[in-house]
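Novice: Take a look at the following structure, please.
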Amino acid sequence: MSSTPGASSLAPDITARLKRTADGLIPAIAQQFDTGEVLMLGWMDDEALHRTLTTGRCTYWSRSRQEYWVKGDTSGHVQHVRSVALDCDADTILVKVDQVGAACHTGDRTCFDADVLLG
């Protein structure tokens, strides 16, 4: 069942601080908690962030499917949340996770190891 980003149970003090894109989303970077490896970037709205904070599993908003998805529900490649922080401008979320299996939908460990531009 698809939803639309919007209403949420996110704490009002957090809601008031967030700076969202025009479509109500915030980029969320998933990083391996113990190695610092950047795994992926997804999008969250207030409800996805609320679900992430309360369930201990990363929930994202799919811009292509227009629905919420919990990382690993289909693939088994779960992200167990270790910490969640906002950047200094409150327009990006950093979620430190314990990644089980691949983070990228292509099956790669990260979304950033297939097309290196410099390095």
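Going through the structure tokens in order, the chains are called A, B, and so on, while each chain numbers its residues from 1 and the ligands are numbered from 1 in the order shown.
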When you look at range 55-63 of chain A with a cut-off of 12 Å (counting only C-alpha atoms), what residues show up, excluding the ones that are within fewer than 2 positions of it in the same chain? I need them as a ChimeraX atom specification.
Specialist: /A:2-6,23-31,40-53,65-73,77-84,93-100,103
Novice: Give me every alpha helix (DSSP H) residue in range 27-115 of chain A, going by DSSP on the backbone, as a ChimeraX atom specification.
Specialist: /A:46-55
Novice: As an mmCIF file with all heavy atoms, in the first residue's frame, please: the residues near Thr110 in chain A (cut-off 9 Å, only C-alpha atoms, same-chain neighbours under 3 positions excluded).
Specialist:
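Final output, saved to part.cif:
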```cif
data_model
loop_
_atom_site.group_PDB
_atom_site.id
_atom_site.type_symbol
_atom_site.label_atom_id
_atom_site.label_comp_id
_atom_site.auth_asym_id
_atom_site.auth_seq_id
_atom_site.Cartn_x
_atom_site.Cartn_y
_atom_site.Cartn_z
ATOM 1 N N GLU A 37 32.507 3.364 6.844
ATOM 2 C CA GLU A 37 32.227 3.183 5.418
ATOM 3 C C GLU A 37 30.857 3.783 5.069
ATOM 4 O O GLU A 37 29.853 3.479 5.717
ATOM 5 C CB GLU A 37 32.241 1.686 5.127
ATOM 6 C CG GLU A 37 31.970 1.283 3.724
ATOM 7 C CD GLU A 37 32.003 -0.239 3.577
ATOM 8 O OE1 GLU A 37 31.639 -0.972 4.523
ATOM 9 O OE2 GLU A 37 32.389 -0.684 2.484
ATOM 10 N N VAL A 38 30.824 4.656 4.055
ATOM 11 C CA VAL A 38 29.563 5.228 3.595
ATOM 12 C C VAL A 38 28.876 4.185 2.715
ATOM 13 O O VAL A 38 29.440 3.732 1.717
ATOM 14 C CB VAL A 38 29.787 6.546 2.825
ATOM 15 C CG1 VAL A 38 28.473 7.068 2.269
ATOM 16 C CG2 VAL A 38 30.441 7.581 3.730
ATOM 17 N N LEU A 39 27.668 3.812 3.072
ATOM 18 C CA LEU A 39 26.974 2.711 2.409
ATOM 19 C C LEU A 39 26.017 3.165 1.315
ATOM 20 O O LEU A 39 26.021 2.617 0.220
ATOM 21 C CB LEU A 39 26.204 1.885 3.445
ATOM 22 C CG LEU A 39 27.064 1.269 4.549
ATOM 23 C CD1 LEU A 39 26.168 0.705 5.646
ATOM 24 C CD2 LEU A 39 27.989 0.212 3.972
ATOM 25 N N MET A 40 25.188 4.139 1.624
ATOM 26 C CA MET A 40 24.157 4.546 0.677
ATOM 27 C C MET A 40 23.550 5.877 1.085
ATOM 28 O O MET A 40 23.780 6.351 2.193
ATOM 29 C CB MET A 40 23.047 3.493 0.583
ATOM 30 C CG MET A 40 22.331 3.232 1.885
ATOM 31 S SD MET A 40 20.879 2.180 1.738
ATOM 32 C CE MET A 40 19.663 3.351 1.162
ATOM 33 N N ALA A 102 24.646 -6.673 1.578
ATOM 34 C CA ALA A 102 24.868 -5.539 0.680
ATOM 35 C C ALA A 102 23.940 -4.376 1.028
ATOM 36 O O ALA A 102 22.787 -4.581 1.384
ATOM 37 C CB ALA A 102 24.633 -5.967 -0.763
ATOM 38 N N ALA A 103 24.456 -3.158 0.885
ATOM 39 C CA ALA A 103 23.616 -1.977 1.088
ATOM 40 C C ALA A 103 22.998 -1.519 -0.228
ATOM 41 O O ALA A 103 21.917 -0.951 -0.248
ATOM 42 C CB ALA A 103 24.428 -0.836 1.702
ATOM 43 N N CYS A 104 23.691 -1.767 -1.333
ATOM 44 C CA CYS A 104 23.224 -1.291 -2.638
ATOM 45 C C CYS A 104 22.249 -2.284 -3.276
ATOM 46 O O CYS A 104 22.421 -3.508 -3.147
ATOM 47 C CB CYS A 104 24.423 -1.071 -3.558
ATOM 48 S SG CYS A 104 23.981 -0.291 -5.127
ATOM 49 N N GLY A 107 23.584 -5.209 -5.301
ATOM 50 C CA GLY A 107 24.255 -6.318 -4.638
ATOM 51 C C GLY A 107 25.649 -5.965 -4.143
ATOM 52 O O GLY A 107 26.302 -6.774 -3.497
ATOM 53 N N ASP A 113 30.976 2.123 -4.691
ATOM 54 C CA ASP A 113 32.219 1.452 -5.058
ATOM 55 C C ASP A 113 32.282 1.019 -6.526
ATOM 56 O O ASP A 113 33.285 0.506 -6.975
ATOM 57 C CB ASP A 113 32.491 0.261 -4.136
ATOM 58 C CG ASP A 113 31.385 -0.761 -4.127
ATOM 59 O OD1 ASP A 113 30.370 -0.589 -4.830
ATOM 60 O OD2 ASP A 113 31.514 -1.759 -3.391
ATOM 61 N N ALA A 114 31.234 1.262 -7.289
ATOM 62 C CA ALA A 114 31.216 0.804 -8.685
ATOM 63 C C ALA A 114 31.660 1.842 -9.689
ATOM 64 O O ALA A 114 32.085 1.499 -10.791
ATOM 65 C CB ALA A 114 29.813 0.304 -9.046
#
```
Novice: Name the residues of range 41-109 of chain A that fall into strand (DSSP E) according to DSSP on the backbone, using the chain letters and numbers of this document, as number ranges by chain.
Specialist: A: 41-44, 59-62, 67-70, 79-86, 93-99
Novice: Write the selection just made, keeping C-alpha atoms, as a PDB file, in the first residue's frame?
Specialist:
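As written to disk, part_15.pdb reads:
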```
ATOM      1  CA  LEU A  41      21.981   7.619   0.462  1.00  0.00           C
ATOM      2  CA  GLY A  42      18.227   7.377   0.841  1.00  0.00           C
ATOM      3  CA  TRP A  43      15.425   9.844   1.431  1.00  0.00           C
ATOM      4  CA  MET A  44      13.336  10.305   4.561  1.00  0.00           C
ATOM      5  CA  THR A  59      12.893   3.311   6.886  1.00  0.00           C
ATOM      6  CA  TYR A  60      13.137   5.393   3.730  1.00  0.00           C
ATOM      7  CA  TRP A  61      10.723   7.093   1.323  1.00  0.00           C
ATOM      8  CA  SER A  62      10.972   5.710  -2.205  1.00  0.00           C
ATOM      9  CA  GLU A  67       5.963   4.508  -0.659  1.00  0.00           C
ATOM     10  CA  TYR A  68       7.867   3.756   2.526  1.00  0.00           C
ATOM     11  CA  TRP A  69      10.336   0.896   2.538  1.00  0.00           C
ATOM     12  CA  VAL A  70      12.303  -0.689   5.340  1.00  0.00           C
ATOM     13  CA  GLN A  79      20.289  -1.955   8.525  1.00  0.00           C
ATOM     14  CA  HIS A  80      20.253  -2.077  12.331  1.00  0.00           C
ATOM     15  CA  VAL A  81      20.348   1.516  13.595  1.00  0.00           C
ATOM     16  CA  ARG A  82      23.130   2.376  16.045  1.00  0.00           C
ATOM     17  CA  SER A  83      22.775   6.185  16.075  1.00  0.00           C
ATOM     18  CA  VAL A  84      21.010   9.008  14.244  1.00  0.00           C
ATOM     19  CA  ALA A  85      22.274  12.593  13.958  1.00  0.00           C
ATOM     20  CA  LEU A  86      21.479  15.768  12.059  1.00  0.00           C
ATOM     21  CA  ILE A  93      20.514  12.922   8.421  1.00  0.00           C
ATOM     22  CA  LEU A  94      23.390  10.599   9.273  1.00  0.00           C
ATOM     23  CA  VAL A  95      22.310   7.124  10.303  1.00  0.00           C
ATOM     24  CA  LYS A  96      25.075   4.912  11.653  1.00  0.00           C
ATOM     25  CA  VAL A  97      24.047   1.316  11.099  1.00  0.00           C
ATOM     26  CA  ASP A  98      25.196  -2.251  11.381  1.00  0.00           C
ATOM     27  CA  GLN A  99      24.677  -3.357   7.781  1.00  0.00           C
TER      28      GLN A  99
END
```
Novice: When you count only C-alpha atoms, which of these residues is closest to Lys19 in chain A: A:Thr106, A:Gly101, A:Val116, A:Thr92?
Specialist: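 For Lys19 in chain A, the nearest of the candidates is A:Thr92.
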